[in-house]
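Peer 1: Take a look at entry27.pdb, PDB, C-alpha atoms:
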ATOM      1  CA  MET A  22      73.462 266.029 197.603  1.00  0.00           C
ATOM      2  CA  SER A  23      76.377 264.508 199.471  1.00  0.00           C
ATOM      3  CA  THR A  24      78.738 262.014 197.846  1.00  0.00           C
ATOM      4  CA  PHE A  25      77.463 259.265 200.138  1.00  0.00           C
ATOM      5  CA  GLU A  26      73.816 259.960 199.228  1.00  0.00           C
ATOM      6  CA  PHE A  27      74.699 259.967 195.519  1.00  0.00           C
ATOM      7  CA  GLN A  28      76.484 256.632 195.850  1.00  0.00           C
ATOM      8  CA  LYS A  29      73.493 255.056 197.595  1.00  0.00           C
ATOM      9  CA  LEU A  30      71.050 256.295 194.967  1.00  0.00           C
ATOM     10  CA  PHE A  31      73.313 255.313 192.092  1.00  0.00           C
ATOM     11  CA  SER A  32      73.847 251.829 193.524  1.00  0.00           C
ATOM     12  CA  ARG A  33      70.099 251.341 193.996  1.00  0.00           C
ATOM     13  CA  ALA A  34      69.428 252.600 190.478  1.00  0.00           C
ATOM     14  CA  PHE A  35      71.667 250.177 188.662  1.00  0.00           C
ATOM     15  CA  LYS A  36      70.663 247.233 190.871  1.00  0.00           C
ATOM     16  CA  THR A  37      66.900 247.793 190.779  1.00  0.00           C
ATOM     17  CA  GLY A  38      66.321 250.004 187.737  1.00  0.00           C
ATOM     18  CA  THR A  39      64.715 252.869 189.689  1.00  0.00           C
ATOM     19  CA  ASP A  40      64.136 256.197 187.982  1.00  0.00           C
ATOM     20  CA  LEU A  41      67.275 258.228 187.328  1.00  0.00           C
ATOM     21  CA  ASN A  42      65.397 261.509 187.501  1.00  0.00           C
ATOM     22  CA  GLU A  43      65.531 261.553 191.288  1.00  0.00           C
ATOM     23  CA  PHE A  44      69.155 262.723 191.258  1.00  0.00           C
ATOM     24  CA  ASP A  45      71.512 264.631 188.972  1.00  0.00           C
ATOM     25  CA  PHE A  46      73.567 262.315 186.811  1.00  0.00           C
ATOM     26  CA  THR A  47      75.808 263.487 183.962  1.00  0.00           C
ATOM     27  CA  PRO A  48      77.781 260.664 182.361  1.00  0.00           C
ATOM     28  CA  ALA A  49      81.088 261.174 180.615  1.00  0.00           C
ATOM     29  CA  GLY A  50      81.299 261.276 176.814  1.00  0.00           C
ATOM     30  CA  SER A  51      78.214 261.114 174.614  1.00  0.00           C
ATOM     31  CA  LEU A  52      76.256 258.514 176.579  1.00  0.00           C
ATOM     32  CA  GLN A  53      72.835 259.371 177.918  1.00  0.00           C
ATOM     33  CA  PRO A  54      72.188 258.700 181.627  1.00  0.00           C
ATOM     34  CA  LYS A  55      70.210 255.492 181.042  1.00  0.00           C
ATOM     35  CA  GLU A  56      72.787 254.221 178.558  1.00  0.00           C
ATOM     36  CA  ALA A  57      75.602 254.837 181.031  1.00  0.00           C
ATOM     37  CA  LEU A  58      73.641 253.136 183.777  1.00  0.00           C
ATOM     38  CA  GLU A  59      73.098 250.097 181.567  1.00  0.00           C
ATOM     39  CA  VAL A  60      76.878 249.729 181.185  1.00  0.00           C
ATOM     40  CA  TYR A  61      77.196 249.478 184.960  1.00  0.00           C
ATOM     41  CA  ARG A  62      74.157 247.214 185.239  1.00  0.00           C
ATOM     42  CA  GLN A  63      75.585 244.686 182.794  1.00  0.00           C
ATOM     43  CA  GLY A  64      79.069 244.869 184.305  1.00  0.00           C
ATOM     44  CA  TYR A  65      77.913 244.377 187.895  1.00  0.00           C
ATOM     45  CA  PRO A  66      77.090 240.631 187.750  1.00  0.00           C
ATOM     46  CA  ALA A  67      80.056 240.028 185.438  1.00  0.00           C
ATOM     47  CA  ARG A  68      82.512 241.405 188.015  1.00  0.00           C
ATOM     48  CA  LEU A  69      80.909 239.437 190.852  1.00  0.00           C
ATOM     49  CA  PHE A  70      80.929 236.246 188.763  1.00  0.00           C
ATOM     50  CA  GLU A  71      84.615 236.830 188.061  1.00  0.00           C
ATOM     51  CA  ALA A  72      85.292 237.191 191.794  1.00  0.00           C
ATOM     52  CA  LEU A  73      83.435 233.950 192.589  1.00  0.00           C
ATOM     53  CA  GLY A  74      85.288 232.151 189.813  1.00  0.00           C
ATOM     54  CA  GLU A  75      88.661 233.181 191.211  1.00  0.00           C
ATOM     55  CA  THR A  76      87.796 232.077 194.742  1.00  0.00           C
ATOM     56  CA  TYR A  77      85.974 228.858 193.847  1.00  0.00           C
ATOM     57  CA  GLU A  78      88.163 227.666 190.978  1.00  0.00           C
ATOM     58  CA  THR A  79      88.068 223.993 191.984  1.00  0.00           C
ATOM     59  CA  LEU A  80      84.310 224.064 192.509  1.00  0.00           C
ATOM     60  CA  TRP A  81      84.006 225.481 188.981  1.00  0.00           C
ATOM     61  CA  LYS A  82      86.039 222.568 187.597  1.00  0.00           C
ATOM     62  CA  VAL A  83      83.923 220.039 189.482  1.00  0.00           C
ATOM     63  CA  LEU A  84      80.568 221.494 188.401  1.00  0.00           C
ATOM     64  CA  GLY A  85      81.461 222.507 184.862  1.00  0.00           C
ATOM     65  CA  ASP A  86      80.822 225.858 183.176  1.00  0.00           C
ATOM     66  CA  GLU A  87      77.041 225.677 182.809  1.00  0.00           C
ATOM     67  CA  ASP A  88      76.116 224.613 186.344  1.00  0.00           C
ATOM     68  CA  PHE A  89      78.697 226.859 187.995  1.00  0.00           C
ATOM     69  CA  GLU A  90      77.570 229.927 186.048  1.00  0.00           C
ATOM     70  CA  ALA A  91      73.898 229.244 186.781  1.00  0.00           C
ATOM     71  CA  LEU A  92      74.597 228.903 190.509  1.00  0.00           C
ATOM     72  CA  CYS A  93      76.720 232.038 190.590  1.00  0.00           C
ATOM     73  CA  LEU A  94      74.170 234.191 188.776  1.00  0.00           C
ATOM     74  CA  ASP A  95      71.411 232.980 191.091  1.00  0.00           C
ATOM     75  CA  TYR A  96      73.606 233.646 194.126  1.00  0.00           C
ATOM     76  CA  ILE A  97      74.477 237.133 192.823  1.00  0.00           C
ATOM     77  CA  SER A  98      70.785 237.970 192.379  1.00  0.00           C
ATOM     78  CA  LEU A  99      70.104 236.977 195.988  1.00  0.00           C
ATOM     79  CA  HIS A 100      73.281 238.324 197.602  1.00  0.00           C
ATOM     80  CA  PRO A 101      74.409 241.767 196.409  1.00  0.00           C
ATOM     81  CA  SER A 102      77.951 242.774 197.290  1.00  0.00           C
ATOM     82  CA  SER A 103      78.259 244.786 200.504  1.00  0.00           C
ATOM     83  CA  SER A 104      81.970 245.581 200.194  1.00  0.00           C
ATOM     84  CA  PRO A 105      83.931 247.703 197.704  1.00  0.00           C
ATOM     85  CA  ASN A 106      86.591 244.968 197.688  1.00  0.00           C
ATOM     86  CA  LEU A 107      85.651 242.108 195.347  1.00  0.00           C
ATOM     87  CA  THR A 108      87.847 239.646 197.249  1.00  0.00           C
ATOM     88  CA  ASP A 109      85.365 239.953 200.142  1.00  0.00           C
ATOM     89  CA  TYR A 110      82.497 238.665 198.020  1.00  0.00           C
ATOM     90  CA  GLY A 111      81.054 235.183 198.365  1.00  0.00           C
ATOM     91  CA  GLU A 112      81.886 234.277 201.954  1.00  0.00           C
ATOM     92  CA  ASP A 113      78.554 232.519 202.517  1.00  0.00           C
ATOM     93  CA  PHE A 114      78.540 230.698 199.157  1.00  0.00           C
ATOM     94  CA  SER A 115      79.032 227.396 200.998  1.00  0.00           C
ATOM     95  CA  LYS A 116      75.831 227.997 203.014  1.00  0.00           C
ATOM     96  CA  TYR A 117      73.994 228.857 199.812  1.00  0.00           C
ATOM     97  CA  LEU A 118      75.032 225.516 198.289  1.00  0.00           C
ATOM     98  CA  LEU A 119      73.475 223.621 201.208  1.00  0.00           C
ATOM     99  CA  GLN A 120      70.095 224.971 200.068  1.00  0.00           C
ATOM    100  CA  LYS A 121      70.491 223.294 196.650  1.00  0.00           C
ATOM    101  CA  LYS A 122      69.824 219.706 197.719  1.00  0.00           C
ATOM    102  CA  GLU A 123      66.979 219.438 195.227  1.00  0.00           C
ATOM    103  CA  ILE A 124      69.432 220.200 192.402  1.00  0.00           C
ATOM    104  CA  PHE A 125      72.637 218.540 193.575  1.00  0.00           C
ATOM    105  CA  GLU A 126      72.704 215.263 195.456  1.00  0.00           C
ATOM    106  CA  GLU A 127      76.236 216.154 196.566  1.00  0.00           C
ATOM    107  CA  SER A 128      75.273 219.548 198.010  1.00  0.00           C
ATOM    108  CA  VAL A 129      77.013 218.850 201.337  1.00  0.00           C
ATOM    109  CA  LEU A 130      80.220 217.846 199.573  1.00  0.00           C
ATOM    110  CA  LEU A 131      80.038 220.916 197.315  1.00  0.00           C
ATOM    111  CA  SER A 132      79.416 223.093 200.366  1.00  0.00           C
ATOM    112  CA  ASP A 133      82.470 221.573 202.067  1.00  0.00           C
ATOM    113  CA  LEU A 134      84.556 222.308 198.984  1.00  0.00           C
ATOM    114  CA  ALA A 135      83.354 225.913 198.846  1.00  0.00           C
ATOM    115  CA  HIS A 136      84.050 226.340 202.567  1.00  0.00           C
ATOM    116  CA  PHE A 137      87.552 224.958 202.117  1.00  0.00           C
ATOM    117  CA  GLU A 138      88.276 227.186 199.110  1.00  0.00           C
ATOM    118  CA  TRP A 139      87.100 230.322 200.912  1.00  0.00           C
ATOM    119  CA  GLU A 140      89.259 229.588 203.962  1.00  0.00           C
ATOM    120  CA  PHE A 141      92.194 228.676 201.707  1.00  0.00           C
ATOM    121  CA  LYS A 142      91.904 232.055 199.979  1.00  0.00           C
ATOM    122  CA  GLU A 143      91.726 233.901 203.303  1.00  0.00           C
ATOM    123  CA  CYS A 144      94.722 231.963 204.624  1.00  0.00           C
ATOM    124  CA  PHE A 145      96.755 232.565 201.461  1.00  0.00           C
ATOM    125  CA  HIS A 146      96.277 236.317 201.793  1.00  0.00           C
ATOM    126  CA  SER A 147      97.367 236.282 205.445  1.00  0.00           C
ATOM    127  CA  ALA A 148     100.879 237.265 206.439  1.00  0.00           C
ATOM    128  CA  PHE A 149     103.464 234.501 206.765  1.00  0.00           C
ATOM    129  CA  GLU A 150     104.898 234.066 210.260  1.00  0.00           C
ATOM    130  CA  SER A 151     107.606 231.654 211.328  1.00  0.00           C
ATOM    131  CA  PRO A 152     106.103 229.046 213.657  1.00  0.00           C
ATOM    132  CA  LEU A 153     107.538 228.191 217.042  1.00  0.00           C
ATOM    133  CA  VAL A 154     110.204 225.549 216.464  1.00  0.00           C
ATOM    134  CA  GLU A 155     110.355 224.018 219.924  1.00  0.00           C
ATOM    135  CA  LEU A 156     108.367 224.333 223.122  1.00  0.00           C
ATOM    136  CA  SER A 157     110.464 223.996 226.269  1.00  0.00           C
ATOM    137  CA  SER A 158     108.874 222.030 229.087  1.00  0.00           C
ATOM    138  CA  ALA A 159     110.597 224.391 231.554  1.00  0.00           C
ATOM    139  CA  ILE A 160     108.011 227.047 230.801  1.00  0.00           C
ATOM    140  CA  PHE A 161     105.363 225.033 232.639  1.00  0.00           C
ATOM    141  CA  SER A 162     107.128 225.625 235.934  1.00  0.00           C
ATOM    142  CA  GLU A 163     105.658 229.143 235.824  1.00  0.00           C
ATOM    143  CA  PRO A 164     102.217 229.953 237.300  1.00  0.00           C
ATOM    144  CA  ILE A 165      99.610 228.923 234.729  1.00  0.00           C
ATOM    145  CA  GLU A 166      97.959 232.364 234.713  1.00  0.00           C
ATOM    146  CA  ASN A 167     101.228 233.874 233.455  1.00  0.00           C
ATOM    147  CA  ILE A 168     101.770 231.594 230.445  1.00  0.00           C
ATOM    148  CA  ASN A 169     100.474 233.058 227.188  1.00  0.00           C
ATOM    149  CA  PHE A 170     100.236 231.299 223.842  1.00  0.00           C
ATOM    150  CA  GLU A 171      99.954 233.111 220.522  1.00  0.00           C
ATOM    151  CA  LEU A 172      98.662 231.256 217.471  1.00  0.00           C
ATOM    152  CA  LEU A 173      99.826 231.898 213.925  1.00  0.00           C
ATOM    153  CA  ILE A 174      97.706 234.725 212.548  1.00  0.00           C
ATOM    154  CA  SER A 175      96.889 232.742 209.410  1.00  0.00           C
ATOM    155  CA  LEU A 176      95.567 229.682 211.282  1.00  0.00           C
ATOM    156  CA  ARG A 177      92.106 228.626 210.159  1.00  0.00           C
ATOM    157  CA  ALA A 178      90.421 225.464 211.517  1.00  0.00           C
ATOM    158  CA  ILE A 179      87.747 223.840 209.358  1.00  0.00           C
ATOM    159  CA  PRO A 180      85.243 221.054 210.115  1.00  0.00           C
ATOM    160  CA  LEU A 181      84.667 218.923 207.002  1.00  0.00           C
ATOM    161  CA  GLU A 182      82.424 215.971 206.253  1.00  0.00           C
ATOM    162  CA  TYR A 183      84.384 215.099 203.114  1.00  0.00           C
ATOM    163  CA  PRO A 184      88.152 215.214 202.372  1.00  0.00           C
ATOM    164  CA  VAL A 185      87.679 217.896 199.702  1.00  0.00           C
ATOM    165  CA  TYR A 186      91.280 219.096 200.017  1.00  0.00           C
ATOM    166  CA  ARG A 187      92.185 216.151 197.777  1.00  0.00           C
ATOM    167  CA  LEU A 188      90.501 218.005 194.901  1.00  0.00           C
ATOM    168  CA  HIS A 189      92.073 221.407 195.419  1.00  0.00           C
ATOM    169  CA  GLY A 190      95.223 223.158 194.296  1.00  0.00           C
ATOM    170  CA  ILE A 191      98.421 222.034 192.615  1.00  0.00           C
ATOM    171  CA  ASP A 192      98.330 218.608 194.233  1.00  0.00           C
ATOM    172  CA  GLY A 193      94.563 218.286 193.845  1.00  0.00           C
ATOM    173  CA  ASP A 194      92.772 216.260 191.203  1.00  0.00           C
ATOM    174  CA  VAL A 195      89.112 216.927 190.371  1.00  0.00           C
ATOM    175  CA  GLN A 196      89.008 213.525 188.648  1.00  0.00           C
ATOM    176  CA  ARG A 197      88.974 212.075 192.165  1.00  0.00           C
ATOM    177  CA  PHE A 198      85.521 213.547 192.798  1.00  0.00           C
ATOM    178  CA  LEU A 199      83.770 210.168 192.882  1.00  0.00           C
ATOM    179  CA  GLU A 200      86.420 208.840 195.253  1.00  0.00           C
ATOM    180  CA  VAL A 201      85.990 211.818 197.571  1.00  0.00           C
ATOM    181  CA  ARG A 202      82.198 211.539 197.362  1.00  0.00           C
ATOM    182  CA  GLY A 203      82.446 207.985 198.648  1.00  0.00           C
ATOM    183  CA  ALA A 204      84.657 208.930 201.583  1.00  0.00           C
ATOM    184  CA  ARG A 205      84.056 210.691 204.847  1.00  0.00           C
ATOM    185  CA  SER A 206      86.619 212.944 206.429  1.00  0.00           C
ATOM    186  CA  ASP A 207      87.931 211.273 209.578  1.00  0.00           C
ATOM    187  CA  HIS A 208      89.347 214.501 210.993  1.00  0.00           C
ATOM    188  CA  PRO A 209      89.029 218.268 210.771  1.00  0.00           C
ATOM    189  CA  ILE A 210      91.845 220.228 209.153  1.00  0.00           C
ATOM    190  CA  SER A 211      93.645 223.488 209.734  1.00  0.00           C
ATOM    191  CA  LEU A 212      95.242 225.799 207.194  1.00  0.00           C
ATOM    192  CA  VAL A 213      98.297 227.958 207.861  1.00  0.00           C
ATOM    193  CA  ARG A 214     100.321 230.231 205.610  1.00  0.00           C
ATOM    194  CA  SER A 215     103.695 228.827 204.637  1.00  0.00           C
ATOM    195  CA  GLU A 216     106.584 230.532 202.898  1.00  0.00           C
ATOM    196  CA  ASN A 217     105.509 229.092 199.539  1.00  0.00           C
ATOM    197  CA  GLY A 218     101.741 228.893 199.914  1.00  0.00           C
ATOM    198  CA  VAL A 219      99.386 227.192 202.363  1.00  0.00           C
ATOM    199  CA  ARG A 220      99.882 224.118 204.558  1.00  0.00           C
ATOM    200  CA  THR A 221      96.973 221.738 205.137  1.00  0.00           C
ATOM    201  CA  VAL A 222      97.319 220.194 208.589  1.00  0.00           C
ATOM    202  CA  PRO A 223      95.002 217.502 210.040  1.00  0.00           C
ATOM    203  CA  ILE A 224      93.885 218.273 213.606  1.00  0.00           C
ATOM    204  CA  THR A 225      91.820 216.462 216.222  1.00  0.00           C
ATOM    205  CA  SER A 226      88.169 217.242 216.880  1.00  0.00           C
ATOM    206  CA  LYS A 227      89.061 218.363 220.414  1.00  0.00           C
ATOM    207  CA  LEU A 228      91.510 220.957 219.101  1.00  0.00           C
ATOM    208  CA  LEU A 229      88.915 222.184 216.606  1.00  0.00           C
ATOM    209  CA  GLU A 230      86.420 222.615 219.438  1.00  0.00           C
ATOM    210  CA  PHE A 231      88.904 224.607 221.495  1.00  0.00           C
ATOM    211  CA  LEU A 232      90.007 226.824 218.611  1.00  0.00           C
ATOM    212  CA  SER A 233      86.376 227.571 217.737  1.00  0.00           C
ATOM    213  CA  ILE A 234      85.723 229.223 221.114  1.00  0.00           C
ATOM    214  CA  LEU A 235      88.732 231.549 220.968  1.00  0.00           C
ATOM    215  CA  LYS A 236      87.881 235.165 220.202  1.00  0.00           C
ATOM    216  CA  SER A 237      91.467 236.039 219.291  1.00  0.00           C
ATOM    217  CA  GLY A 238      94.678 234.383 218.227  1.00  0.00           C
ATOM    218  CA  SER A 239      95.990 234.086 221.765  1.00  0.00           C
ATOM    219  CA  PHE A 240      95.101 232.347 225.009  1.00  0.00           C
ATOM    220  CA  THR A 241      96.571 231.582 228.411  1.00  0.00           C
ATOM    221  CA  LEU A 242      97.341 228.198 229.879  1.00  0.00           C
ATOM    222  CA  GLU A 243      94.824 229.078 232.574  1.00  0.00           C
ATOM    223  CA  CYS A 244      92.159 229.504 229.885  1.00  0.00           C
ATOM    224  CA  LEU A 245      92.981 226.132 228.348  1.00  0.00           C
ATOM    225  CA  THR A 246      93.092 224.393 231.727  1.00  0.00           C
ATOM    226  CA  SER A 247      89.682 225.837 232.564  1.00  0.00           C
ATOM    227  CA  TYR A 248      88.321 224.621 229.219  1.00  0.00           C
ATOM    228  CA  CYS A 249      89.607 221.109 229.876  1.00  0.00           C
ATOM    229  CA  ALA A 250      88.151 221.186 233.388  1.00  0.00           C
ATOM    230  CA  GLU A 251      89.739 218.386 235.412  1.00  0.00           C
ATOM    231  CA  ASN A 252      91.103 216.569 232.380  1.00  0.00           C
ATOM    232  CA  SER A 253      94.774 217.455 232.709  1.00  0.00           C
ATOM    233  CA  GLU A 254      95.713 214.909 230.061  1.00  0.00           C
ATOM    234  CA  LEU A 255      93.592 216.770 227.501  1.00  0.00           C
ATOM    235  CA  THR A 256      95.349 220.040 228.362  1.00  0.00           C
ATOM    236  CA  VAL A 257      98.742 218.490 227.708  1.00  0.00           C
ATOM    237  CA  SER A 258      97.447 216.809 224.569  1.00  0.00           C
ATOM    238  CA  LEU A 259      96.150 220.036 223.009  1.00  0.00           C
ATOM    239  CA  ILE A 260      99.302 221.996 223.803  1.00  0.00           C
ATOM    240  CA  SER A 261     101.423 219.189 222.407  1.00  0.00           C
ATOM    241  CA  GLU A 262      99.325 219.077 219.238  1.00  0.00           C
ATOM    242  CA  LEU A 263      99.632 222.833 218.668  1.00  0.00           C
ATOM    243  CA  ALA A 264     103.380 222.705 219.161  1.00  0.00           C
ATOM    244  CA  HIS A 265     104.033 219.477 217.236  1.00  0.00           C
ATOM    245  CA  LYS A 266     102.036 220.656 214.224  1.00  0.00           C
ATOM    246  CA  SER A 267     103.745 224.085 214.204  1.00  0.00           C
ATOM    247  CA  LEU A 268     100.579 226.089 214.821  1.00  0.00           C
ATOM    248  CA  LEU A 269     102.021 228.322 217.554  1.00  0.00           C
ATOM    249  CA  LYS A 270     103.751 231.606 216.885  1.00  0.00           C
ATOM    250  CA  LYS A 271     105.249 232.114 220.322  1.00  0.00           C
ATOM    251  CA  VAL A 272     104.851 231.483 224.029  1.00  0.00           C
ATOM    252  CA  THR A 273     105.498 234.215 226.577  1.00  0.00           C
ATOM    253  CA  VAL A 274     105.509 234.512 230.351  1.00  0.00           C
ATOM    254  CA  THR A 275     104.149 237.639 231.990  1.00  0.00           C
ATOM    255  CA  ALA A 276     105.456 238.832 235.320  1.00  0.00           C
TER
END
For this file, produce the structure as structure tokens.
Peer 2:
Amino acid sequence: MSTFEFQKLFSRAFKTGTDLNEFDFTPAGSLQPKEALEVYRQGYPARLFEALGETYETLWKVLGDEDFEALCLDYISLHPSSSPNLTDYGEDFSKYLLQKKEIFEESVLLSDLAHFEWEFKECFHSAFESPLVELSSAIFSEPIENINFELLISLRAIPLEYPVYRLHGIDGDVQRFLEVRGARSDHPISLVRSENGVRTVPITSKLLEFLSILKSGSFTLECLTSYCAENSELTVSLISELAHKSLLKKVTVTA
């Protein structure tokens, strides 16, 4: 039996309790095969719960221990991990929360908070890059097909219905939950890695729409102009917003 086949069978065994006799399994020490498997079976949800707790720390504070643990264990039973890296686990937790409207009246707000916390974690673990300090207007004298913009690699744009960032992090305060519940977010936000952590930057809905169609962290002025169709003012506005809010890494001109 290959290592890969053994891993698949072992994983299925401790997740579903299938018979161990279908493959050779000799545990270390004095444990019997089923006893050793039980150690893994009990540890599996515990490790996944720990991973969710680290990512969704603010959500845990908002919900309290009992509700958060119940949600996590239900989520774990429905969504087994598909990655050997625990930091990859729980990406769709925000979508899962939207299905809990019968339990939580604030399911949309909780989903927003989970979405924000996931993107914050991803941004925090991105590399820091110095943003472009100033964008020279002289560059626009070049043919538009030759002007290339590169976004900061950590940039993440998030649509939110509620201003949940007020609850999160060092400057957050979960006691403001009722205040946030009664408010609606009047703008999307972006997150970028800073030297000391993560910056939360409000952006316009038009910039969010444009960023959402990009398949990479770069684009040409020609691409942006095409997106804005005949609205040249919108083109200038989006470029100005990216530059003013320090979301660009660099601008280059190809020959």
Peer 1: Taking all atoms listed in the file into account, name the residue in A:Val201, A:Ala91, A:Ala67, A:Leu73 that is nearest to Asp133 (chain A).
Peer 2: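 Nearest to Asp133 (chain A): A:Val201.
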Peer 1: How many Å separate CA of Ser233 (chain A) from CA of Ala276 (chain A)?
Peer 2: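 Separation between CA of Ser233 (chain A) and CA of Ala276 (chain A): 28.3 Å.
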Peer 1: Spell out the residues picked by the PyMOL selection byres ((chain A and resi 222) around 8) here, as a CSV table (one decimal) with C-alpha atoms, in the coordinates of the input.
Peer 2:
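Heads up, here's the output in out_33.csv:
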chain,number,residue,atom,x,y,z
A,210,ILE,CA,91.8,220.2,209.2
A,211,SER,CA,93.6,223.5,209.7
A,212,LEU,CA,95.2,225.8,207.2
A,213,VAL,CA,98.3,228.0,207.9
A,220,ARG,CA,99.9,224.1,204.6
A,221,THR,CA,97.0,221.7,205.1
A,223,PRO,CA,95.0,217.5,210.0
A,224,ILE,CA,93.9,218.3,213.6
A,266,LYS,CA,102.0,220.7,214.2
Peer 1: For Pro105 (chain A), which residue out of A:Tyr65, A:Phe240, A:Tyr248, A:Phe170 is the nearest one, using only C-alpha atoms?
Peer 2: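 Ranked by minimum distance to Pro105 (chain A), first place goes to A:Tyr65.
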Peer 1: Given the choices A:Arg197, A:Arg214, A:His136, A:Lys142, which gets closest to Ala72 (chain A) if the distance is worked out from all atoms listed in the file?
Peer 2: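 Looking at the shortest contact to Ala72 (chain A), the residue is A:Lys142.
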Peer 1: Run through the PyMOL selection byres ((chain A and resi 260) around 10) on the given coordinates and return the selected residues as a VMD selection string.
Peer 2: chain A and resid 156 170 228 242 245 255 to 259 261 to 265 268 to 269
Peer 1: Could those selected residues go to a file with C-alpha atoms, as a PDB file, in the coordinates of the input?
Peer 2:
ATOM      1  CA  LEU A 156     108.367 224.333 223.122  1.00  0.00           C
ATOM      2  CA  PHE A 170     100.236 231.299 223.842  1.00  0.00           C
ATOM      3  CA  LEU A 228      91.510 220.957 219.101  1.00  0.00           C
ATOM      4  CA  LEU A 242      97.341 228.198 229.879  1.00  0.00           C
ATOM      5  CA  LEU A 245      92.981 226.132 228.348  1.00  0.00           C
ATOM      6  CA  LEU A 255      93.592 216.770 227.501  1.00  0.00           C
ATOM      7  CA  THR A 256      95.349 220.040 228.362  1.00  0.00           C
ATOM      8  CA  VAL A 257      98.742 218.490 227.708  1.00  0.00           C
ATOM      9  CA  SER A 258      97.447 216.809 224.569  1.00  0.00           C
ATOM     10  CA  LEU A 259      96.150 220.036 223.009  1.00  0.00           C
ATOM     11  CA  SER A 261     101.423 219.189 222.407  1.00  0.00           C
ATOM     12  CA  GLU A 262      99.325 219.077 219.238  1.00  0.00           C
ATOM     13  CA  LEU A 263      99.632 222.833 218.668  1.00  0.00           C
ATOM     14  CA  ALA A 264     103.380 222.705 219.161  1.00  0.00           C
ATOM     15  CA  HIS A 265     104.033 219.477 217.236  1.00  0.00           C
ATOM     16  CA  LEU A 268     100.579 226.089 214.821  1.00  0.00           C
ATOM     17  CA  LEU A 269     102.021 228.322 217.554  1.00  0.00           C
TER      18      LEU A 269
END
Peer 1: Could you please determine the separation between CA of Ser102 (chain A) and CA of Gly190 (chain A) in Å, to one decimal place?
Peer 2: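 We find that CA of Ser102 (chain A) and CA of Gly190 (chain A) lie 26.3 Å from each other.
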Peer 1: CA of Ile168 (chain A) and CA of Cys144 (chain A) are how many Å apart?
Peer 2: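 CA of Cys144 (chain A) lies at a distance of 26.8 Å from CA of Ile168 (chain A).
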Peer 1: Would you please work out which residue, of A:Thr275, A:Ser267, A:Asn217, A:Ser103, is nearest to Thr241 (chain A) when using only C-alpha atoms?
Peer 2: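 So, comparing all the options, the nearest one is A:Thr275.
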